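Structure below is my_file_3.pdb: PDB, C-alpha atoms.
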```
MODEL        1
ATOM      1  CA  MET K   1      64.769  94.265  79.865
ATOM      2  CA  ASN K   2      64.117  91.764  77.098
ATOM      3  CA  GLN K   3      61.331  92.669  74.719
ATOM      4  CA  ASP K   4      58.655  90.258  73.579
ATOM      5  CA  TYR K   5      57.356  90.243  70.012
ATOM      6  CA  PHE K   6      53.853  88.796  70.285
ATOM      7  CA  TYR K   7      52.493  90.258  67.063
ATOM      8  CA  PHE K   8      55.544  89.461  64.929
ATOM      9  CA  ILE K   9      56.005  85.877  66.098
ATOM     10  CA  SER K  10      52.327  84.953  66.099
ATOM     11  CA  GLY K  11      52.153  86.095  62.480
ATOM     12  CA  LEU K  12      55.042  83.940  61.273
ATOM     13  CA  PRO K  13      53.812  80.975  59.213
ATOM     14  CA  ASN K  14      54.660  77.484  60.425
ATOM     15  CA  ILE K  15      57.548  75.859  58.565
ATOM     16  CA  SER K  16      58.771  72.276  58.456
ATOM     17  CA  PHE K  17      61.999  70.785  57.176
ATOM     18  CA  GLU K  18      59.887  68.670  54.843
ATOM     19  CA  ASP K  19      58.152  71.641  53.198
ATOM     20  CA  ASN K  20      58.490  71.633  49.413
ATOM     21  CA  LYS K  21      57.853  75.347  48.941
ATOM     22  CA  LEU K  22      58.196  78.616  50.833
ATOM     23  CA  SER K  23      55.105  80.652  51.587
ATOM     24  CA  TYR K  24      57.265  83.214  53.407
ATOM     25  CA  THR K  25      60.557  84.286  51.880
ATOM     26  CA  LEU K  26      63.779  85.478  53.447
ATOM     27  CA  GLU K  27      63.187  88.885  51.905
ATOM     28  CA  GLN K  28      59.739  89.095  53.504
ATOM     29  CA  PHE K  29      61.198  88.087  56.850
ATOM     30  CA  TRP K  30      63.845  90.814  56.720
ATOM     31  CA  ALA K  31      61.286  93.453  55.775
ATOM     32  CA  ASP K  32      59.048  92.439  58.688
ATOM     33  CA  ALA K  33      61.960  92.132  61.110
ATOM     34  CA  LYS K  34      63.148  95.643  60.310
ATOM     35  CA  LEU K  35      59.698  96.976  61.196
ATOM     36  CA  GLN K  36      59.099  94.821  64.277
ATOM     37  CA  LEU K  37      62.458  94.498  66.054
ATOM     38  CA  ASN K  38      64.099  97.235  68.049
ATOM     39  CA  LYS K  39      67.486  98.455  66.869
ATOM     40  CA  ALA K  40      69.575  96.325  69.233
ATOM     41  CA  ASP K  41      67.638  93.139  68.495
ATOM     42  CA  TYR K  42      67.837  93.750  64.755
ATOM     43  CA  ALA K  43      71.633  94.067  65.082
ATOM     44  CA  THR K  44      71.647  90.745  66.955
ATOM     45  CA  LEU K  45      69.738  89.149  64.086
ATOM     46  CA  GLU K  46      72.373  90.427  61.651
ATOM     47  CA  THR K  47      75.023  88.573  63.683
ATOM     48  CA  LEU K  48      73.737  85.333  62.151
ATOM     49  CA  HIS K  49      75.128  86.504  58.800
ATOM     50  CA  LEU K  50      78.593  87.455  60.008
ATOM     51  CA  SER K  51      80.193  84.195  58.871
ATOM     52  CA  ALA K  52      78.875  84.715  55.328
ATOM     53  CA  ASP K  53      80.141  88.298  55.311
ATOM     54  CA  LEU K  54      83.570  87.127  56.454
ATOM     55  CA  ASP K  55      83.612  84.616  53.623
ATOM     56  CA  THR K  56      82.964  87.453  51.151
ATOM     57  CA  LEU K  57      85.774  89.425  52.791
ATOM     58  CA  LEU K  58      88.126  86.477  52.244
ATOM     59  CA  ARG K  59      87.141  86.154  48.591
ATOM     60  CA  ILE K  60      87.947  89.820  48.010
ATOM     61  CA  LEU K  61      91.178  89.838  50.013
ATOM     62  CA  TYR K  62      92.548  86.796  48.183
ATOM     63  CA  LYS K  63      91.039  87.704  44.811
ATOM     64  CA  THR K  64      89.562  84.248  44.375
ATOM     65  CA  GLY K  65      87.326  85.382  41.546
ATOM     66  CA  LYS K  66      84.267  83.929  43.254
ATOM     67  CA  ASP K  67      81.024  85.831  43.608
ATOM     68  CA  PRO K  68      80.148  87.214  47.052
ATOM     69  CA  HIS K  69      78.705  84.674  49.459
ATOM     70  CA  PRO K  70      74.970  84.458  48.661
ATOM     71  CA  ASP K  71      74.068  85.057  52.315
ATOM     72  CA  SER K  72      76.194  88.183  52.739
ATOM     73  CA  LEU K  73      74.403  91.228  54.063
ATOM     74  CA  LEU K  74      77.269  93.599  53.372
ATOM     75  CA  PRO K  75      78.093  94.286  49.697
ATOM     76  CA  PRO K  76      81.570  93.655  48.227
ATOM     77  CA  GLU K  77      82.128  97.410  48.007
ATOM     78  CA  TYR K  78      81.893  97.628  51.768
ATOM     79  CA  TRP K  79      84.710  95.129  52.226
ATOM     80  CA  GLU K  80      86.805  96.686  49.481
ATOM     81  CA  ASP K  81      86.608  99.998  51.342
ATOM     82  CA  TYR K  82      87.413  98.219  54.587
ATOM     83  CA  LEU K  83      90.535  96.620  53.140
ATOM     84  CA  SER K  84      91.578  99.953  51.682
ATOM     85  CA  PHE K  85      91.324 101.538  55.119
ATOM     86  CA  GLN K  86      93.255  98.697  56.770
ATOM     87  CA  ARG K  87      96.094  99.104  54.255
ATOM     88  CA  GLN K  88      96.242 102.824  54.965
ATOM     89  CA  PHE K  89      96.113 102.166  58.699
ATOM     90  CA  LEU K  90      99.262 100.043  58.468
ATOM     91  CA  ASP K  91     101.160 103.166  57.390
ATOM     92  CA  ASN K  92      99.352 105.618  59.654
ATOM     93  CA  LYS K  93      98.124 104.357  63.017
ATOM     94  CA  ASN K  94      96.568 107.750  63.739
ATOM     95  CA  LEU K  95      93.837 107.289  61.166
ATOM     96  CA  GLU K  96      90.375 107.328  62.686
ATOM     97  CA  LEU K  97      88.179 104.344  61.987
ATOM     98  CA  PRO K  98      85.355 105.376  59.609
ATOM     99  CA  GLN K  99      81.886 105.274  61.116
ATOM    100  CA  GLN K 100      80.643 102.441  58.880
ATOM    101  CA  PHE K 101      83.240 100.060  60.334
ATOM    102  CA  LYS K 102      82.798 100.863  64.014
ATOM    103  CA  ASN K 103      80.278  98.107  64.663
ATOM    104  CA  LEU K 104      82.567  95.357  63.364
ATOM    105  CA  PRO K 105      84.046  93.057  66.025
ATOM    106  CA  GLN K 106      87.675  93.821  66.841
ATOM    107  CA  PHE K 107      88.903  90.338  65.909
ATOM    108  CA  ILE K 108      88.286  91.144  62.235
ATOM    109  CA  ALA K 109      90.643  94.138  62.288
ATOM    110  CA  GLU K 110      93.251  92.138  64.189
ATOM    111  CA  THR K 111      93.142  89.222  61.758
ATOM    112  CA  ILE K 112      93.092  91.316  58.581
ATOM    113  CA  GLY K 113      95.742  93.682  59.916
ATOM    114  CA  GLU K 114      98.055  90.773  60.639
ATOM    115  CA  ALA K 115      97.457  89.253  57.205
ATOM    116  CA  LEU K 116      98.125  92.541  55.403
ATOM    117  CA  SER K 117     101.248  93.303  57.438
ATOM    118  CA  LYS K 118     103.137  90.351  55.977
ATOM    119  CA  GLU K 119     105.252  90.769  52.868
ATOM    120  CA  ASP K 120     103.219  88.048  51.179
ATOM    121  CA  LEU K 121      99.695  87.082  52.080
ATOM    122  CA  GLN K 122      99.601  84.003  54.284
ATOM    123  CA  PRO K 123      97.655  81.008  52.929
ATOM    124  CA  ILE K 124      93.948  81.673  52.734
ATOM    125  CA  LEU K 125      93.253  78.700  54.995
ATOM    126  CA  THR K 126      95.301  80.321  57.764
ATOM    127  CA  THR K 127      93.365  83.581  57.584
ATOM    128  CA  GLU K 128      90.113  81.664  57.312
ATOM    129  CA  TYR K 129      90.936  79.685  60.431
ATOM    130  CA  GLN K 130      91.823  82.857  62.344
ATOM    131  CA  LEU K 131      88.520  84.464  61.375
ATOM    132  CA  VAL K 132      86.556  81.339  62.308
ATOM    133  CA  SER K 133      88.294  81.145  65.692
ATOM    134  CA  GLY K 134      87.751  84.847  66.282
ATOM    135  CA  LEU K 135      84.079  84.531  65.408
ATOM    136  CA  TYR K 136      83.494  81.674  67.824
ATOM    137  CA  LYS K 137      85.391  83.421  70.608
ATOM    138  CA  TRP K 138      83.533  86.690  70.050
ATOM    139  CA  THR K 139      80.085  85.088  69.984
ATOM    140  CA  SER K 140      80.881  83.078  73.128
ATOM    141  CA  THR K 141      80.492  86.283  75.160
ATOM    142  CA  HIS K 142      77.541  87.718  73.239
ATOM    143  CA  SER K 143      74.743  89.163  75.351
ATOM    144  CA  ASN K 144      72.129  87.005  73.618
ATOM    145  CA  ALA K 145      71.810  83.397  74.821
ATOM    146  CA  PHE K 146      70.708  81.970  71.478
ATOM    147  CA  ILE K 147      73.679  83.522  69.667
ATOM    148  CA  ARG K 148      76.125  82.182  72.262
ATOM    149  CA  LYS K 149      74.727  78.663  72.148
ATOM    150  CA  TRP K 150      74.111  78.542  68.386
ATOM    151  CA  PHE K 151      77.710  79.365  67.521
ATOM    152  CA  ALA K 152      79.003  77.098  70.299
ATOM    153  CA  TYR K 153      76.977  74.251  68.811
ATOM    154  CA  ASP K 154      78.314  75.074  65.361
ATOM    155  CA  ALA K 155      81.886  75.085  66.677
ATOM    156  CA  HIS K 156      81.260  71.708  68.307
ATOM    157  CA  LEU K 157      79.896  70.285  65.058
ATOM    158  CA  ARG K 158      82.678  71.829  62.969
ATOM    159  CA  ASN K 159      85.464  70.499  65.203
ATOM    160  CA  ILE K 160      84.124  66.964  65.059
ATOM    161  CA  LEU K 161      83.873  67.072  61.260
ATOM    162  CA  VAL K 162      87.384  68.493  60.993
ATOM    163  CA  ALA K 163      88.691  65.590  63.067
ATOM    164  CA  ILE K 164      86.709  62.913  61.223
ATOM    165  CA  ASN K 165      87.753  64.181  57.805
ATOM    166  CA  GLY K 166      91.321  64.825  58.876
ATOM    167  CA  ARG K 167      91.751  61.304  60.194
ATOM    168  CA  LYS K 168      90.094  59.753  57.148
ATOM    169  CA  PHE K 169      92.348  61.588  54.699
ATOM    170  CA  ASN K 170      95.442  61.337  56.919
ATOM    171  CA  ILE K 171      95.837  65.113  57.266
ATOM    172  CA  PRO K 172      97.259  66.805  60.390
ATOM    173  CA  PHE K 173      94.068  68.509  61.531
ATOM    174  CA  ALA K 174      94.723  69.487  65.166
ATOM    175  CA  GLU K 175      95.872  73.006  64.326
ATOM    176  CA  PHE K 176      92.557  73.702  62.613
ATOM    177  CA  LEU K 177      90.374  72.890  65.599
ATOM    178  CA  THR K 178      88.883  75.919  67.317
ATOM    179  CA  GLY K 179      88.730  76.493  71.049
ATOM    180  CA  GLU K 180      90.585  75.094  74.032
ATOM    181  CA  ASP K 181      88.004  72.886  75.697
ATOM    182  CA  GLU K 182      88.049  69.187  76.571
ATOM    183  CA  LEU K 183      86.503  68.271  73.232
ATOM    184  CA  VAL K 184      89.361  69.892  71.325
ATOM    185  CA  GLU K 185      91.910  68.167  73.545
ATOM    186  CA  ASN K 186      90.338  64.750  72.931
ATOM    187  CA  LEU K 187      90.054  65.295  69.193
ATOM    188  CA  SER K 188      93.675  66.481  69.041
ATOM    189  CA  LYS K 189      95.333  63.757  71.094
ATOM    190  CA  SER K 190      93.166  60.655  71.220
ATOM    191  CA  HIS K 191      93.973  57.716  68.935
ATOM    192  CA  ALA K 192      90.770  55.898  69.851
ATOM    193  CA  ALA K 193      88.199  55.232  67.140
ATOM    194  CA  ASP K 194      85.756  57.514  68.936
ATOM    195  CA  PHE K 195      88.446  60.101  69.852
ATOM    196  CA  GLY K 196      87.871  59.213  73.474
ATOM    197  CA  LEU K 197      84.420  60.787  73.417
ATOM    198  CA  GLY K 198      82.388  57.627  73.869
ATOM    199  CA  LYS K 199      78.617  57.833  73.985
ATOM    200  CA  GLU K 200      78.706  60.856  76.271
ATOM    201  CA  ASP K 201      78.953  63.170  73.288
ATOM    202  CA  GLU K 202      75.583  62.765  71.584
ATOM    203  CA  LEU K 203      76.515  65.038  68.699
ATOM    204  CA  PHE K 204      79.563  62.905  67.903
ATOM    205  CA  GLU K 205      77.430  59.783  67.830
ATOM    206  CA  SER K 206      74.918  61.425  65.494
ATOM    207  CA  LEU K 207      77.604  62.806  63.176
ATOM    208  CA  MET K 208      79.342  59.453  62.918
ATOM    209  CA  ARG K 209      76.104  57.733  61.914
ATOM    210  CA  ILE K 210      75.576  60.364  59.222
ATOM    211  CA  TYR K 211      79.191  60.293  58.072
ATOM    212  CA  ASP K 212      79.092  56.535  57.590
ATOM    213  CA  GLN K 213      76.756  57.141  54.658
ATOM    214  CA  ASN K 214      78.653  57.593  51.401
ATOM    215  CA  ASN K 215      76.130  59.959  49.847
ATOM    216  CA  ILE K 216      77.468  63.513  50.242
ATOM    217  CA  LEU K 217      74.042  65.057  49.687
ATOM    218  CA  TYR K 218      72.587  62.812  52.397
ATOM    219  CA  ARG K 219      75.280  63.963  54.804
ATOM    220  CA  GLU K 220      74.736  67.655  54.138
ATOM    221  CA  ARG K 221      70.990  67.358  54.523
ATOM    222  CA  ASN K 222      71.245  65.454  57.769
ATOM    223  CA  TYR K 223      73.727  67.917  59.243
ATOM    224  CA  ASP K 224      71.030  70.535  58.713
ATOM    225  CA  ILE K 225      68.414  68.262  60.272
ATOM    226  CA  LEU K 226      70.599  68.142  63.385
ATOM    227  CA  ARG K 227      70.733  71.924  63.395
ATOM    228  CA  TRP K 228      66.940  72.118  62.997
ATOM    229  CA  LYS K 229      66.381  69.752  65.923
ATOM    230  CA  TRP K 230      68.836  71.735  68.045
ATOM    231  CA  ILE K 231      66.799  74.891  67.420
ATOM    232  CA  ASP K 232      63.596  73.097  68.455
ATOM    233  CA  ASN K 233      65.191  71.928  71.693
ATOM    234  CA  GLN K 234      66.802  75.272  72.439
ATOM    235  CA  ASN K 235      63.583  77.239  71.952
ATOM    236  CA  PHE K 236      61.193  74.736  73.507
ATOM    237  CA  PHE K 237      60.280  77.159  76.303
ATOM    238  CA  ASN K 238      60.778  80.344  74.272
ATOM    239  CA  TYR K 239      57.556  81.659  72.826
ATOM    240  CA  PHE K 240      57.587  85.336  71.933
ATOM    241  CA  ASN K 241      61.114  86.549  72.662
ATOM    242  CA  LEU K 242      64.055  87.366  70.414
ATOM    243  CA  ASP K 243      65.484  83.846  70.683
ATOM    244  CA  ARG K 244      62.339  82.517  69.018
ATOM    245  CA  VAL K 245      62.815  85.015  66.180
ATOM    246  CA  LEU K 246      66.460  84.036  65.754
ATOM    247  CA  GLY K 247      65.635  80.333  65.716
ATOM    248  CA  TYR K 248      62.859  80.805  63.203
ATOM    249  CA  TYR K 249      65.160  82.707  60.897
ATOM    250  CA  CYS K 250      67.852  80.013  61.131
ATOM    251  CA  LYS K 251      65.245  77.456  60.121
ATOM    252  CA  LEU K 252      63.999  79.648  57.286
ATOM    253  CA  ARG K 253      67.535  79.925  55.906
ATOM    254  CA  ILE K 254      68.061  76.164  56.110
ATOM    255  CA  LEU K 255      64.779  75.478  54.349
ATOM    256  CA  SER K 256      65.410  78.128  51.706
ATOM    257  CA  ARG K 257      68.822  76.662  50.963
ATOM    258  CA  TRP K 258      67.419  73.199  50.284
ATOM    259  CA  LEU K 259      64.487  74.415  48.236
ATOM    260  CA  LYS K 260      66.876  76.397  46.051
ATOM    261  CA  ALA K 261      69.452  73.620  45.854
ATOM    262  CA  ASP K 262      70.375  72.310  42.438
ATOM    263  CA  PRO K 263      69.803  68.554  41.998
ATOM    264  CA  ASN K 264      73.532  68.256  41.320
ATOM    265  CA  LEU K 265      74.448  69.723  44.724
ATOM    266  CA  GLY K 266      75.733  66.396  46.027
ATOM    267  CA  LYS K 267      77.996  65.927  43.025
ATOM    268  CA  GLU K 268      79.323  69.479  43.335
ATOM    269  CA  VAL K 269      80.072  69.088  47.032
ATOM    270  CA  PHE K 270      81.895  65.835  46.314
ATOM    271  CA  HIS K 271      84.100  67.385  43.642
ATOM    272  CA  ASP K 272      84.726  70.451  45.798
ATOM    273  CA  THR K 273      85.909  68.117  48.535
ATOM    274  CA  LEU K 274      88.319  66.310  46.224
ATOM    275  CA  ASN K 275      89.699  69.573  44.867
ATOM    276  CA  ALA K 276      90.174  70.921  48.372
ATOM    277  CA  MET K 277      92.099  67.836  49.450
ATOM    278  CA  GLU K 278      94.492  68.269  46.548
ATOM    279  CA  ASN K 279      95.366  71.816  47.572
ATOM    280  CA  SER K 280      97.819  71.339  50.437
ATOM    281  CA  PHE K 281      95.654  70.968  53.469
ATOM    282  CA  SER K 282      92.710  72.947  52.150
ATOM    283  CA  PHE K 283      89.875  71.236  53.977
ATOM    284  CA  PRO K 284      86.576  70.013  52.544
ATOM    285  CA  GLU K 285      83.546  72.258  52.145
ATOM    286  CA  GLU K 286      81.959  70.691  55.216
ATOM    287  CA  PHE K 287      84.063  72.814  57.530
ATOM    288  CA  ASN K 288      85.094  75.859  55.535
ATOM    289  CA  ILE K 289      83.937  79.202  56.915
ATOM    290  CA  LYS K 290      81.292  79.447  54.254
ATOM    291  CA  SER K 291      79.538  76.410  55.659
ATOM    292  CA  ILE K 292      78.746  78.211  59.012
ATOM    293  CA  ARG K 293      75.324  79.013  57.780
ATOM    294  CA  LYS K 294      72.759  79.409  60.482
TER     295      LYS K 294
ENDMDL
END
```
Mind turning this structure into structure tokens?
Amino acid sequence: MNQDYFYFISGLPNISFEDNKLSYTLEQFWADAKLQLNKADYATLETLHLSADLDTLLRILYKTGKDPHPDSLLPPEYWEDYLSFQRQFLDNKNLELPQQFKNLPQFIAETIGEALSKEDLQPILTTEYQLVSGLYKWTSTHSNAFIRKWFAYDAHLRNILVAINGRKFNIPFAEFLTGEDELVENLSKSHAADFGLGKEDELFESLMRIYDQNNILYRERNYDILRWKWIDNQNFFNYFNLDRVLGYYCKLRILSRWLKADPNLGKEVFHDTLNAMENSFSFPEEFNIKSIRK
């Protein structure tokens, strides 16, 4: 039976995308959530950080030299130990999985095991894509409705941006779309300006209007506005349940990101995009795994 959290939710301060300061920090939220949520619901909340943790795993596996993803819950040492175990497991399939790794989804072990089994590491983009696809597939059967729909929405948004950017820069993008639904088929095969989606796909229409603006910072901010509005619509009839908690936290992360953003963020994103395009099909920041931030 689903548990309601009247006291916790009623005590959360109201937040708006237009707020210019945080009266309630991410750290305060986590401290309160740990006290208020039951064990299973707290684990569900942690699922929202899995994409950031996977990005940290990639940075360590490929020795990129980058700091851990700022939203990672699991420290680099955790992933270093995990990779060490996976390397040992390749030589001894009888090794028992250590307790600290038993809650990780199976797709992570499958992807990392395959990458490590090759004589040379496959391109980072390939492993990244496999992890992204595995994440979306795994969350599609999650027991929590908000988690299922949130990641499905993110996959929808990501696929459209992959297609738009791929077409603009004349890059073969079909292999980097995730899923096997009608949207993916249209994006992969259609030569129409709207990828055959027409006005039936409201998200496509919204993304195209945003993408038509040349300001990278404007685009990024408005992608997050779309996410914020999606949360409002999704939780319209949710008042004191876990979905309301999850939605609030997603909003808090979005708001925190923009309040901490450096004024030069737009310039940095632009240069990151150019650098990515120069590295043999490395796609722009807009649809790298580290941008699945909800």
Env of segment 185-190 of chain K: 12 Å cut, atoms = only C-alpha atoms, seq-sep filter 4 positions within chain, self excluded. Answer as a list of chain:residue names.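 So the residues in contact are K:His156, K:Arg158, K:Asn159, K:Ile160, K:Leu161, K:Val162, K:Ala163, K:Ile164, K:Asn165, K:Gly166, K:Arg167, K:Pro172, K:Phe173, K:Ala174, K:Glu175, K:Phe176, K:Leu177, K:Thr178, K:Gly179, K:Glu180, K:Asp181, K:Asp194, K:Phe195, K:Gly196, K:Leu197, K:Gly198, K:Asp201, K:Phe204.
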Keeping only C-alpha atoms, write those residues as a CSV table (one decimal), in the coordinates of the input.
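Once written, again.csv looks like this:
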```
chain,number,residue,atom,x,y,z
K,156,HIS,CA,81.3,71.7,68.3
K,158,ARG,CA,82.7,71.8,63.0
K,159,ASN,CA,85.5,70.5,65.2
K,160,ILE,CA,84.1,67.0,65.1
K,161,LEU,CA,83.9,67.1,61.3
K,162,VAL,CA,87.4,68.5,61.0
K,163,ALA,CA,88.7,65.6,63.1
K,164,ILE,CA,86.7,62.9,61.2
K,165,ASN,CA,87.8,64.2,57.8
K,166,GLY,CA,91.3,64.8,58.9
K,167,ARG,CA,91.8,61.3,60.2
K,172,PRO,CA,97.3,66.8,60.4
K,173,PHE,CA,94.1,68.5,61.5
K,174,ALA,CA,94.7,69.5,65.2
K,175,GLU,CA,95.9,73.0,64.3
K,176,PHE,CA,92.6,73.7,62.6
K,177,LEU,CA,90.4,72.9,65.6
K,178,THR,CA,88.9,75.9,67.3
K,179,GLY,CA,88.7,76.5,71.0
K,180,GLU,CA,90.6,75.1,74.0
K,181,ASP,CA,88.0,72.9,75.7
K,194,ASP,CA,85.8,57.5,68.9
K,195,PHE,CA,88.4,60.1,69.9
K,196,GLY,CA,87.9,59.2,73.5
K,197,LEU,CA,84.4,60.8,73.4
K,198,GLY,CA,82.4,57.6,73.9
K,201,ASP,CA,79.0,63.2,73.3
K,204,PHE,CA,79.6,62.9,67.9
```
Nearest to Leu135 of chain K by atom-to-atom distance, counting only C-alpha atoms, from K:Lys102, K:Lys66, K:Arg148, K:Arg219: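 Selected residue with least distance to Leu135 of chain K: K:Arg148.
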Contacts of Tyr24 of chain K within 10 Å, only C-alpha atoms, excl. fewer than 5 positions in-chain, as a VMD selection string: chain K and resid 12 to 15 29 252 256
Evaluate the PyMOL selection byres ((chain K and resi 126-132) around 10) and report residues as an MDAnalysis selection string: chainID K and resid 51 54:55 57:58 62 107:112 114:115 121:125 133:138 155 175:178 282 288:290 292
Would you export the selected residues with C-alpha atoms as a short mmCIF file (atom, residue, chain, number, x, y, z; two decimals), keeping the file's coordinate frame, please?
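The resulting again-v6.cif:
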```cif
data_model
loop_
_atom_site.label_atom_id
_atom_site.label_comp_id
_atom_site.auth_asym_id
_atom_site.auth_seq_id
_atom_site.Cartn_x
_atom_site.Cartn_y
_atom_site.Cartn_z
CA SER K 51 80.19 84.20 58.87
CA LEU K 54 83.57 87.13 56.45
CA ASP K 55 83.61 84.62 53.62
CA LEU K 57 85.77 89.42 52.79
CA LEU K 58 88.13 86.48 52.24
CA TYR K 62 92.55 86.80 48.18
CA PHE K 107 88.90 90.34 65.91
CA ILE K 108 88.29 91.14 62.24
CA ALA K 109 90.64 94.14 62.29
CA GLU K 110 93.25 92.14 64.19
CA THR K 111 93.14 89.22 61.76
CA ILE K 112 93.09 91.32 58.58
CA GLU K 114 98.06 90.77 60.64
CA ALA K 115 97.46 89.25 57.20
CA LEU K 121 99.70 87.08 52.08
CA GLN K 122 99.60 84.00 54.28
CA PRO K 123 97.66 81.01 52.93
CA ILE K 124 93.95 81.67 52.73
CA LEU K 125 93.25 78.70 55.00
CA SER K 133 88.29 81.14 65.69
CA GLY K 134 87.75 84.85 66.28
CA LEU K 135 84.08 84.53 65.41
CA TYR K 136 83.49 81.67 67.82
CA LYS K 137 85.39 83.42 70.61
CA TRP K 138 83.53 86.69 70.05
CA ALA K 155 81.89 75.08 66.68
CA GLU K 175 95.87 73.01 64.33
CA PHE K 176 92.56 73.70 62.61
CA LEU K 177 90.37 72.89 65.60
CA THR K 178 88.88 75.92 67.32
CA SER K 282 92.71 72.95 52.15
CA ASN K 288 85.09 75.86 55.54
CA ILE K 289 83.94 79.20 56.92
CA LYS K 290 81.29 79.45 54.25
CA ILE K 292 78.75 78.21 59.01
#
```
What's around Leu242 of chain K at 12 Å? Count all atoms listed in the file, leave out sequence neighbours fewer than 6 positions away in its own chain, and write the answer as a PyMOL selection string. chain K and resi 1-6+8-9+33+36-38+40-45+143-147+235+248-249
Option closest in space to Lys118 of chain K, from K:Lys149, K:Lys199, K:Arg253, K:Arg87 [counting only C-alpha atoms]: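 Of the candidates, the smallest distance to Lys118 of chain K is held by K:Arg87.
For the pair atom CA of Arg221 of chain K and atom CA of Phe17 of chain K, the interatomic distance is 10.0 Å.
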Atom CA of Asn241 of chain K and atom CA of Phe151 of chain K are how many Å apart? 18.8 Å
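From atom CA of His49 of chain K back to atom CA of Thr25 of chain K, the distance works out to 16.3 Å.
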Please tell me which residues are no farther than 10 Å from (82.3, 93.8, 45.5) in the file, counting all atoms listed in the file, and write them as a count of residues only. 14
I'd like the residues picked by the PyMOL selection byres ((chain K and resi 225) around 12) written out as a PDB file with C-alpha atoms, in the frame of the given file, using the chain letters and numbers from the file.
```pdb
ATOM      1  CA  SER K  16      58.771  72.276  58.456  1.00  0.00           C
ATOM      2  CA  PHE K  17      61.999  70.785  57.176  1.00  0.00           C
ATOM      3  CA  GLU K  18      59.887  68.670  54.843  1.00  0.00           C
ATOM      4  CA  SER K 206      74.918  61.425  65.494  1.00  0.00           C
ATOM      5  CA  LEU K 207      77.604  62.806  63.176  1.00  0.00           C
ATOM      6  CA  ILE K 210      75.576  60.364  59.222  1.00  0.00           C
ATOM      7  CA  TYR K 218      72.587  62.812  52.397  1.00  0.00           C
ATOM      8  CA  ARG K 219      75.280  63.963  54.804  1.00  0.00           C
ATOM      9  CA  GLU K 220      74.736  67.655  54.138  1.00  0.00           C
ATOM     10  CA  ARG K 221      70.990  67.358  54.523  1.00  0.00           C
ATOM     11  CA  ASN K 222      71.245  65.454  57.769  1.00  0.00           C
ATOM     12  CA  TYR K 223      73.727  67.917  59.243  1.00  0.00           C
ATOM     13  CA  ASP K 224      71.030  70.535  58.713  1.00  0.00           C
ATOM     14  CA  LEU K 226      70.599  68.142  63.385  1.00  0.00           C
ATOM     15  CA  ARG K 227      70.733  71.924  63.395  1.00  0.00           C
ATOM     16  CA  TRP K 228      66.940  72.118  62.997  1.00  0.00           C
ATOM     17  CA  LYS K 229      66.381  69.752  65.923  1.00  0.00           C
ATOM     18  CA  TRP K 230      68.836  71.735  68.045  1.00  0.00           C
ATOM     19  CA  ILE K 231      66.799  74.891  67.420  1.00  0.00           C
ATOM     20  CA  ASP K 232      63.596  73.097  68.455  1.00  0.00           C
ATOM     21  CA  CYS K 250      67.852  80.013  61.131  1.00  0.00           C
ATOM     22  CA  LYS K 251      65.245  77.456  60.121  1.00  0.00           C
ATOM     23  CA  ILE K 254      68.061  76.164  56.110  1.00  0.00           C
ATOM     24  CA  LEU K 255      64.779  75.478  54.349  1.00  0.00           C
ATOM     25  CA  TRP K 258      67.419  73.199  50.284  1.00  0.00           C
ATOM     26  CA  LYS K 294      72.759  79.409  60.482  1.00  0.00           C
TER      27      LYS K 294
END
```
Which residues are near Glu96 of chain K? Cut-off 10 Å, all atoms listed in the file, ignore same chain within fewer than 4 positions. Put them as a PyMOL selection string. chain K and resi 85+89+92
Could you model N, CA and C atoms for segment 151-160 of chain K and present them as a PDB file, in the coordinates of the input?
```pdb
ATOM      1  N   PHE K 151      76.351  79.413  68.055  1.00  0.00           N
ATOM      2  CA  PHE K 151      77.710  79.365  67.521  1.00  0.00           C
ATOM      3  C   PHE K 151      78.570  78.348  68.280  1.00  0.00           C
ATOM      4  N   ALA K 152      78.283  78.141  69.554  1.00  0.00           N
ATOM      5  CA  ALA K 152      79.003  77.098  70.299  1.00  0.00           C
ATOM      6  C   ALA K 152      78.665  75.728  69.735  1.00  0.00           C
ATOM      7  N   TYR K 153      77.398  75.519  69.422  1.00  0.00           N
ATOM      8  CA  TYR K 153      76.977  74.251  68.811  1.00  0.00           C
ATOM      9  C   TYR K 153      77.640  74.083  67.445  1.00  0.00           C
ATOM     10  N   ASP K 154      77.689  75.145  66.669  1.00  0.00           N
ATOM     11  CA  ASP K 154      78.314  75.074  65.361  1.00  0.00           C
ATOM     12  C   ASP K 154      79.807  74.774  65.471  1.00  0.00           C
ATOM     13  N   ALA K 155      80.466  75.364  66.457  1.00  0.00           N
ATOM     14  CA  ALA K 155      81.886  75.085  66.677  1.00  0.00           C
ATOM     15  C   ALA K 155      82.090  73.619  67.054  1.00  0.00           C
ATOM     16  N   HIS K 156      81.214  73.112  67.892  1.00  0.00           N
ATOM     17  CA  HIS K 156      81.260  71.708  68.307  1.00  0.00           C
ATOM     18  C   HIS K 156      81.139  70.797  67.081  1.00  0.00           C
ATOM     19  N   LEU K 157      80.132  71.076  66.262  1.00  0.00           N
ATOM     20  CA  LEU K 157      79.896  70.285  65.058  1.00  0.00           C
ATOM     21  C   LEU K 157      81.089  70.390  64.105  1.00  0.00           C
ATOM     22  N   ARG K 158      81.565  71.585  63.891  1.00  0.00           N
ATOM     23  CA  ARG K 158      82.678  71.829  62.969  1.00  0.00           C
ATOM     24  C   ARG K 158      83.928  71.071  63.418  1.00  0.00           C
ATOM     25  N   ASN K 159      84.254  71.158  64.706  1.00  0.00           N
ATOM     26  CA  ASN K 159      85.464  70.499  65.203  1.00  0.00           C
ATOM     27  C   ASN K 159      85.409  68.994  65.002  1.00  0.00           C
ATOM     28  N   ILE K 160      84.255  68.409  65.248  1.00  0.00           N
ATOM     29  CA  ILE K 160      84.124  66.964  65.059  1.00  0.00           C
ATOM     30  C   ILE K 160      84.314  66.588  63.593  1.00  0.00           C
TER      31      ILE K 160
END
```
